[in-house]
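S.K.: Structure below; questions to follow.
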Amino acid sequence: MWTHRSWQGRLLAHPLPVHERLRHYAGWCDAVEGNTTFYATPARDTVATWAQQTDPDFRFVVKLPKVVTHERRLTEVTEPMRAFLDAIEPLGPRAHALWVQLPGSFGPEDVPTLARFLRRLPAGQRSAVEVRHPGFFTDPRAAQLLEAALGEVDAEWIPFDTTAFFTIPPTSDAERDAWTKKPRMPLRTVALTDRPIVRYLGRDDPDRTVEGWQRWIDVTAGWLREGRSPTVFVHTPDNADAPTLARRFHDEVRARVPGLARLPEPIPVAPTTLF
């Protein structure tokens with residue numbers, strides 16, 4: 001996301017060389033979803049530049065390649081997983097969690113496969129699973145089965161909250177596109193570990209986005225008071241103002257939990273001048 005076109009020259013300096021773009025993004029937010037890794041495992045040298053541009057406490061939540069999760073459905077994945085883990089090794093402590101996003105067809109009957117896969121991950125490597133099969137949200141027994149598998153390896157269940165987005169029909173091209181692609185999952189606000197991860201989708205209208213995230217302000221503040229360390233990603237269909245919205249979310253949480261550290265100061269888009 002640090003190369004998002006609508007941010008260039010407005011939120012992030014432009015033009016920037018490739019090896020500077022993430023550093024400027026990290027001035028806005030201290031975490032990022034590694035979504036591009038879903039489509040292809042990056043070169044190890046490329047990942048090394050990501051580490052060089054970020055502080056050790058910056059958080060990457062890196063999505064597993066689709067060949068692992070969607071094509072092979074977590075079976076016979078030794079080689080692609082070995083290549084992926086080797087590629088992201090330069091991140092060191094920045095690799096906050098492996099993001100296991102599963103297709104909607106991966107249902108409760110597949111939980112044993114997920115459990116076997118998670119047990120084979122390297123010791124100490126955190127993982128977080130996003131499921132999209134309705135059964136996990138409507139059948140308490142299916143939810144318990146998944147929670148048991150995740151709890152065995154201290155893995156988190158990532159909720160993708162689209163409830164605010166689907167409240168009213170779309171009003172923009174970006175919203176209409178998201179309307180046909182994003183999953184409609186029931187709301188889930190339960191944390192399984194001390195490092196919960198939330199993905200929230202609002203609207204292109206900032207006021208509606210802020211209105212929809214109020215429940216997450218309460219939940220996130222509560223987690224912090226319990227000693228947890230949550231990571232929250234704020235999206236809108238066009239993502240044009242996602243960094244500013246993320247900072248606003250952080251400010252609202254910080255108003256409830258004053259001990260929460262401030263976010264970094266963004267690098268100026270253009271040099272300051274006297275006139």
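Residues in the structure tokens are named by chain (A, B, ... in the order shown) and by number from 1 within that chain; ligands are numbered from 1 in the order shown.
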DSSP on the backbone: what in segment 156-234 of chain A comes out helix (DSSP H, G or I), as an NGL selection string?

M.R.: :A and (165-167 or 173-181 or 206-212 or 214-225)

S.K.: At a cut-off of 10 Å, using only C-alpha atoms, what residues contact segment 143-150 of chain A? Leave out same-chain residues fewer than 2 positions from it and give the result as a count of residues only.

M.R.: 31

S.K.: What are the DSSP strand (DSSP E) residues of segment 146-217 of chain A, as an MDAnalysis selection string?

M.R.: chainID A and resid 156:157 160:161 197:201

S.K.: Keeping only N, CA, C and O atoms, write those residues as a PDB file, in the first residue's frame.

M.R.:
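And here's out-v3.pdb as it stands now:
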```
ATOM      1  N   GLU A 156      -3.887 -16.173  16.133  1.00  0.00           N
ATOM      2  CA  GLU A 156      -5.015 -15.256  16.258  1.00  0.00           C
ATOM      3  C   GLU A 156      -6.030 -15.483  15.145  1.00  0.00           C
ATOM      4  O   GLU A 156      -5.704 -16.030  14.084  1.00  0.00           O
ATOM      5  N   TRP A 157      -7.262 -15.099  15.396  1.00  0.00           N
ATOM      6  CA  TRP A 157      -8.350 -15.115  14.415  1.00  0.00           C
ATOM      7  C   TRP A 157      -8.561 -13.662  13.992  1.00  0.00           C
ATOM      8  O   TRP A 157      -8.952 -12.828  14.797  1.00  0.00           O
ATOM      9  N   PHE A 160     -12.442  -9.536   9.713  1.00  0.00           N
ATOM     10  CA  PHE A 160     -12.517  -8.536   8.656  1.00  0.00           C
ATOM     11  C   PHE A 160     -13.911  -7.935   8.740  1.00  0.00           C
ATOM     12  O   PHE A 160     -14.888  -8.545   8.300  1.00  0.00           O
ATOM     13  N   ASP A 161     -14.004  -6.745   9.336  1.00  0.00           N
ATOM     14  CA  ASP A 161     -15.296  -6.128   9.618  1.00  0.00           C
ATOM     15  C   ASP A 161     -15.758  -5.301   8.417  1.00  0.00           C
ATOM     16  O   ASP A 161     -15.231  -4.211   8.160  1.00  0.00           O
ATOM     17  N   ILE A 197      -5.435  -8.771  15.778  1.00  0.00           N
ATOM     18  CA  ILE A 197      -5.327  -8.024  14.526  1.00  0.00           C
ATOM     19  C   ILE A 197      -6.732  -7.837  13.971  1.00  0.00           C
ATOM     20  O   ILE A 197      -7.515  -8.787  13.907  1.00  0.00           O
ATOM     21  N   VAL A 198      -7.046  -6.607  13.580  1.00  0.00           N
ATOM     22  CA  VAL A 198      -8.376  -6.270  13.057  1.00  0.00           C
ATOM     23  C   VAL A 198      -8.222  -5.640  11.684  1.00  0.00           C
ATOM     24  O   VAL A 198      -7.346  -4.792  11.471  1.00  0.00           O
ATOM     25  N   ARG A 199      -9.080  -6.028  10.757  1.00  0.00           N
ATOM     26  CA  ARG A 199      -9.184  -5.369   9.453  1.00  0.00           C
ATOM     27  C   ARG A 199     -10.581  -4.764   9.363  1.00  0.00           C
ATOM     28  O   ARG A 199     -11.576  -5.464   9.501  1.00  0.00           O
ATOM     29  N   TYR A 200     -10.633  -3.466   9.141  1.00  0.00           N
ATOM     30  CA  TYR A 200     -11.910  -2.748   9.129  1.00  0.00           C
ATOM     31  C   TYR A 200     -12.088  -2.045   7.791  1.00  0.00           C
ATOM     32  O   TYR A 200     -11.174  -1.358   7.327  1.00  0.00           O
ATOM     33  N   LEU A 201     -13.243  -2.215   7.169  1.00  0.00           N
ATOM     34  CA  LEU A 201     -13.565  -1.547   5.912  1.00  0.00           C
ATOM     35  C   LEU A 201     -14.687  -0.549   6.135  1.00  0.00           C
ATOM     36  O   LEU A 201     -15.806  -0.932   6.506  1.00  0.00           O
TER      37      LEU A 201
END
```

S.K.: Ala95 of chain A: which residues within 7 Å, counting only C-alpha atoms, same-chain residues fewer than 5 positions away excluded, as JSON, numbers by chain?

M.R.: {"A": [59, 60, 61]}

S.K.: Can you spit out the residues from that selection as a PDB file, in the first residue's frame, using N, CA and C atoms?

M.R.:
```pdb
ATOM      1  N   ARG A  59       5.495  -3.062  12.183  1.00  0.00           N
ATOM      2  CA  ARG A  59       4.819  -4.357  12.067  1.00  0.00           C
ATOM      3  C   ARG A  59       4.406  -4.671  10.632  1.00  0.00           C
ATOM      4  N   PHE A  60       4.912  -5.770  10.115  1.00  0.00           N
ATOM      5  CA  PHE A  60       4.454  -6.319   8.847  1.00  0.00           C
ATOM      6  C   PHE A  60       3.542  -7.506   9.148  1.00  0.00           C
ATOM      7  N   VAL A  61       2.325  -7.470   8.625  1.00  0.00           N
ATOM      8  CA  VAL A  61       1.436  -8.630   8.656  1.00  0.00           C
ATOM      9  C   VAL A  61       1.405  -9.146   7.219  1.00  0.00           C
TER      10      VAL A  61
END
```

S.K.: Glu211 of chain A: which residues within 12 Å, counting only C-alpha atoms, same-chain residues fewer than 6 positions away excluded, as a ChimeraX atom specification?

M.R.: /A:163-165,167,201-203,205,217,245,249

S.K.: Suppose we keep N, CA, C and O atoms; can you now write the selection as a compact mmCIF listing (two decimals), in the first residue's frame?

M.R.:
```
# COMPACT_ATOMS: atom_id res chain seq x y z
N THR A 163 -19.18 -4.75 8.14
CA THR A 163 -20.57 -4.47 8.48
C THR A 163 -20.95 -3.02 8.20
O THR A 163 -22.06 -2.73 7.74
N ALA A 164 -20.05 -2.07 8.49
CA ALA A 164 -20.35 -0.66 8.23
C ALA A 164 -20.45 -0.40 6.73
O ALA A 164 -21.29 0.39 6.27
N PHE A 165 -19.59 -1.06 5.97
CA PHE A 165 -19.59 -0.85 4.52
C PHE A 165 -20.91 -1.28 3.90
O PHE A 165 -21.45 -0.61 3.01
N THR A 167 -23.86 -1.32 5.12
CA THR A 167 -25.06 -0.74 5.74
C THR A 167 -25.98 -0.10 4.71
O THR A 167 -27.21 -0.23 4.78
N LEU A 201 -13.24 -2.21 7.17
CA LEU A 201 -13.57 -1.55 5.91
C LEU A 201 -14.69 -0.55 6.14
O LEU A 201 -15.81 -0.93 6.51
N GLY A 202 -14.38 0.73 5.93
CA GLY A 202 -15.39 1.77 6.03
C GLY A 202 -15.95 2.14 4.67
O GLY A 202 -15.98 1.34 3.74
N ARG A 203 -16.35 3.40 4.54
CA ARG A 203 -16.90 3.92 3.29
C ARG A 203 -15.98 5.01 2.75
O ARG A 203 -15.07 5.47 3.44
N ASP A 205 -16.94 7.95 2.28
CA ASP A 205 -17.32 9.10 3.11
C ASP A 205 -16.65 8.95 4.47
O ASP A 205 -16.97 8.04 5.23
N ILE A 217 -13.22 1.36 18.61
CA ILE A 217 -12.55 2.23 19.57
C ILE A 217 -12.71 1.63 20.97
O ILE A 217 -11.74 1.51 21.73
N LEU A 245 -7.07 8.56 8.10
CA LEU A 245 -8.11 7.92 8.91
C LEU A 245 -7.49 7.00 9.96
O LEU A 245 -7.97 6.95 11.10
N PHE A 249 -8.11 7.23 13.92
CA PHE A 249 -8.51 6.11 14.76
C PHE A 249 -7.57 6.00 15.97
O PHE A 249 -8.02 5.86 17.12
```

S.K.: Please provide the set of residues having any atom within 12 Å of Ile88 of chain A, restricted to only C-alpha atoms, with same-chain residues fewer than 6 positions apart removed, written as a list in words.

M.R.: Gly34, Thr37, Thr41, Pro42, Ala43, Arg44, Asp45, Thr46, Val47, Ala48, Thr49, Trp50, Ala51, Phe60, Val61, Val62, Lys63, Leu64, Met81, Arg82, Arg94, Ala95, His96, Ala97, Leu98 and Gln125 of chain A

S.K.: Once you have the residues from the selection above, write them out as a PDB file, in the first residue's frame, restricted to N, CA and C atoms.

M.R.:
```
ATOM      1  N   GLY A  34       0.958  -6.835   4.275  1.00  0.00           N
ATOM      2  CA  GLY A  34       1.750  -7.277   3.140  1.00  0.00           C
ATOM      3  C   GLY A  34       0.883  -8.043   2.172  1.00  0.00           C
ATOM      4  N   THR A  37       2.344 -10.041  -1.233  1.00  0.00           N
ATOM      5  CA  THR A  37       2.970 -11.361  -1.092  1.00  0.00           C
ATOM      6  C   THR A  37       1.984 -12.486  -1.401  1.00  0.00           C
ATOM      7  N   THR A  41       5.842 -14.462  -4.126  1.00  0.00           N
ATOM      8  CA  THR A  41       6.837 -14.355  -3.061  1.00  0.00           C
ATOM      9  C   THR A  41       7.907 -13.352  -3.497  1.00  0.00           C
ATOM     10  N   PRO A  42       8.166 -12.333  -2.690  1.00  0.00           N
ATOM     11  CA  PRO A  42       9.145 -11.315  -3.090  1.00  0.00           C
ATOM     12  C   PRO A  42      10.571 -11.862  -3.014  1.00  0.00           C
ATOM     13  N   ALA A  43      11.452 -11.185  -3.700  1.00  0.00           N
ATOM     14  CA  ALA A  43      12.870 -11.539  -3.612  1.00  0.00           C
ATOM     15  C   ALA A  43      13.389 -11.171  -2.224  1.00  0.00           C
ATOM     16  N   ARG A  44      14.284 -11.991  -1.707  1.00  0.00           N
ATOM     17  CA  ARG A  44      14.850 -11.736  -0.383  1.00  0.00           C
ATOM     18  C   ARG A  44      15.532 -10.363  -0.321  1.00  0.00           C
ATOM     19  N   ASP A  45      16.202  -9.966  -1.394  1.00  0.00           N
ATOM     20  CA  ASP A  45      16.852  -8.657  -1.419  1.00  0.00           C
ATOM     21  C   ASP A  45      15.836  -7.525  -1.326  1.00  0.00           C
ATOM     22  N   THR A  46      14.684  -7.709  -1.941  1.00  0.00           N
ATOM     23  CA  THR A  46      13.623  -6.705  -1.855  1.00  0.00           C
ATOM     24  C   THR A  46      13.139  -6.565  -0.416  1.00  0.00           C
ATOM     25  N   VAL A  47      12.917  -7.681   0.234  1.00  0.00           N
ATOM     26  CA  VAL A  47      12.460  -7.660   1.620  1.00  0.00           C
ATOM     27  C   VAL A  47      13.504  -7.001   2.517  1.00  0.00           C
ATOM     28  N   ALA A  48      14.772  -7.217   2.215  1.00  0.00           N
ATOM     29  CA  ALA A  48      15.839  -6.586   2.995  1.00  0.00           C
ATOM     30  C   ALA A  48      15.730  -5.064   2.933  1.00  0.00           C
ATOM     31  N   THR A  49      15.328  -4.525   1.777  1.00  0.00           N
ATOM     32  CA  THR A  49      15.159  -3.066   1.690  1.00  0.00           C
ATOM     33  C   THR A  49      13.972  -2.604   2.534  1.00  0.00           C
ATOM     34  N   TRP A  50      12.949  -3.453   2.678  1.00  0.00           N
ATOM     35  CA  TRP A  50      11.825  -3.095   3.553  1.00  0.00           C
ATOM     36  C   TRP A  50      12.308  -2.958   4.992  1.00  0.00           C
ATOM     37  N   ALA A  51      13.151  -3.877   5.405  1.00  0.00           N
ATOM     38  CA  ALA A  51      13.682  -3.817   6.768  1.00  0.00           C
ATOM     39  C   ALA A  51      14.540  -2.571   6.961  1.00  0.00           C
ATOM     40  N   PHE A  60       4.912  -5.770  10.115  1.00  0.00           N
ATOM     41  CA  PHE A  60       4.454  -6.319   8.847  1.00  0.00           C
ATOM     42  C   PHE A  60       3.542  -7.506   9.148  1.00  0.00           C
ATOM     43  N   VAL A  61       2.325  -7.470   8.625  1.00  0.00           N
ATOM     44  CA  VAL A  61       1.436  -8.630   8.656  1.00  0.00           C
ATOM     45  C   VAL A  61       1.405  -9.146   7.219  1.00  0.00           C
ATOM     46  N   VAL A  62       2.192 -10.191   6.959  1.00  0.00           N
ATOM     47  CA  VAL A  62       2.461 -10.626   5.584  1.00  0.00           C
ATOM     48  C   VAL A  62       1.559 -11.800   5.199  1.00  0.00           C
ATOM     49  N   LYS A  63       0.855 -11.617   4.095  1.00  0.00           N
ATOM     50  CA  LYS A  63      -0.090 -12.635   3.646  1.00  0.00           C
ATOM     51  C   LYS A  63       0.641 -13.782   2.946  1.00  0.00           C
ATOM     52  N   LEU A  64       0.257 -15.004   3.275  1.00  0.00           N
ATOM     53  CA  LEU A  64       0.846 -16.165   2.621  1.00  0.00           C
ATOM     54  C   LEU A  64       0.455 -16.206   1.143  1.00  0.00           C
ATOM     55  N   MET A  81       6.367 -22.823   1.035  1.00  0.00           N
ATOM     56  CA  MET A  81       6.492 -22.223   2.362  1.00  0.00           C
ATOM     57  C   MET A  81       7.959 -22.009   2.727  1.00  0.00           C
ATOM     58  N   ARG A  82       8.819 -22.947   2.353  1.00  0.00           N
ATOM     59  CA  ARG A  82      10.243 -22.770   2.626  1.00  0.00           C
ATOM     60  C   ARG A  82      10.770 -21.525   1.895  1.00  0.00           C
ATOM     61  N   ARG A  94      10.248  -7.454  12.694  1.00  0.00           N
ATOM     62  CA  ARG A  94       9.180  -6.706  12.024  1.00  0.00           C
ATOM     63  C   ARG A  94       8.100  -7.638  11.483  1.00  0.00           C
ATOM     64  N   ALA A  95       8.415  -8.920  11.300  1.00  0.00           N
ATOM     65  CA  ALA A  95       7.429  -9.889  10.817  1.00  0.00           C
ATOM     66  C   ALA A  95       6.467 -10.194  11.966  1.00  0.00           C
ATOM     67  N   HIS A  96       5.482  -9.338  12.122  1.00  0.00           N
ATOM     68  CA  HIS A  96       4.581  -9.413  13.274  1.00  0.00           C
ATOM     69  C   HIS A  96       3.739 -10.676  13.258  1.00  0.00           C
ATOM     70  N   ALA A  97       3.258 -11.052  12.071  1.00  0.00           N
ATOM     71  CA  ALA A  97       2.434 -12.263  11.964  1.00  0.00           C
ATOM     72  C   ALA A  97       2.362 -12.707  10.520  1.00  0.00           C
ATOM     73  N   LEU A  98       2.268 -14.027  10.329  1.00  0.00           N
ATOM     74  CA  LEU A  98       1.940 -14.588   9.029  1.00  0.00           C
ATOM     75  C   LEU A  98       0.424 -14.560   8.891  1.00  0.00           C
ATOM     76  N   GLN A 125       7.168 -18.301  15.395  1.00  0.00           N
ATOM     77  CA  GLN A 125       6.586 -17.524  14.304  1.00  0.00           C
ATOM     78  C   GLN A 125       5.089 -17.331  14.544  1.00  0.00           C
TER      79      GLN A 125
END
```

S.K.: Using only C-alpha atoms, which residues sit within 9 Å of segment 260-268 of chain A once same-chain residues fewer than 3 positions away are excluded, as JSON, numbers by chain?

M.R.: {"A": [11, 12, 13, 23, 24, 25, 26, 27, 28, 29, 30, 224, 247, 250, 251, 253, 254, 255, 257, 271, 272]}

S.K.: Could you save those same residues with N, CA and C atoms as a CSV table (one decimal), in the first residue's frame?

M.R.:
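Contents of out_27.csv, as written:
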```
chain,number,residue,atom,x,y,z
A,11,LEU,N,0.1,12.9,0.3
A,11,LEU,CA,0.4,12.4,1.7
A,11,LEU,C,1.9,12.0,1.7
A,12,LEU,N,2.4,11.5,0.6
A,12,LEU,CA,3.8,11.0,0.5
A,12,LEU,C,4.5,11.8,-0.6
A,13,ALA,N,5.8,12.2,-0.3
A,13,ALA,CA,6.5,12.9,-1.3
A,13,ALA,C,6.6,12.2,-2.6
A,23,ARG,N,9.7,4.0,3.7
A,23,ARG,CA,10.2,4.9,4.8
A,23,ARG,C,9.2,6.1,5.0
A,24,HIS,N,8.7,6.6,3.9
A,24,HIS,CA,7.8,7.7,4.0
A,24,HIS,C,6.4,7.2,4.5
A,25,TYR,N,6.0,6.1,4.0
A,25,TYR,CA,4.7,5.5,4.6
A,25,TYR,C,4.9,5.3,6.1
A,26,ALA,N,6.0,4.8,6.5
A,26,ALA,CA,6.2,4.5,8.0
A,26,ALA,C,6.2,5.8,8.8
A,27,GLY,N,6.2,6.9,8.2
A,27,GLY,CA,6.0,8.2,8.9
A,27,GLY,C,4.6,8.4,9.3
A,28,TRP,N,3.7,7.7,8.6
A,28,TRP,CA,2.2,7.9,8.8
A,28,TRP,C,1.7,6.8,9.8
A,29,CYS,N,2.1,5.5,9.5
A,29,CYS,CA,1.6,4.4,10.2
A,29,CYS,C,2.8,3.5,10.6
A,30,ASP,N,2.6,2.7,11.7
A,30,ASP,CA,3.7,1.8,12.2
A,30,ASP,C,3.3,0.4,11.9
A,224,LEU,N,-6.2,-2.8,25.1
A,224,LEU,CA,-5.0,-2.2,25.6
A,224,LEU,C,-4.9,-2.1,27.1
A,247,ARG,N,-4.7,7.4,11.4
A,247,ARG,CA,-4.1,8.2,12.5
A,247,ARG,C,-5.3,8.8,13.4
A,250,HIS,N,-6.3,6.1,15.7
A,250,HIS,CA,-5.3,6.0,16.8
A,250,HIS,C,-5.5,7.1,17.8
A,251,ASP,N,-5.8,8.3,17.3
A,251,ASP,CA,-6.0,9.5,18.2
A,251,ASP,C,-7.2,9.2,19.1
A,253,VAL,N,-8.5,6.3,20.0
A,253,VAL,CA,-8.1,5.3,21.0
A,253,VAL,C,-7.2,5.9,22.1
A,254,ARG,N,-6.3,6.7,21.7
A,254,ARG,CA,-5.3,7.3,22.7
A,254,ARG,C,-6.0,8.3,23.6
A,255,ALA,N,-7.2,8.9,23.2
A,255,ALA,CA,-8.0,9.7,24.1
A,255,ALA,C,-8.6,8.9,25.2
A,257,VAL,N,-7.0,5.9,26.2
A,257,VAL,CA,-5.9,5.2,26.8
A,257,VAL,C,-4.7,6.1,26.6
A,271,PRO,N,9.6,20.3,0.8
A,271,PRO,CA,10.4,21.0,1.7
A,271,PRO,C,9.7,22.3,2.2
A,272,THR,N,9.9,22.7,3.4
A,272,THR,CA,9.3,23.9,3.9
A,272,THR,C,10.1,25.1,3.4
```

S.K.: Rank nothing, just name the residue among A:Arg256, A:His133, A:Arg126, A:Arg248 nearest to Arg195 of chain A, using only C-alpha atoms.

M.R.: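 Residue with the minimum atom-to-atom distance to Arg195 of chain A: A:Arg126.
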
S.K.: Just checking: using only C-alpha atoms, which residue out of A:Pro196, A:Gly92, A:Gly9, A:Pro206 ends up closest to Gly222 of chain A?

M.R.: A:Pro196
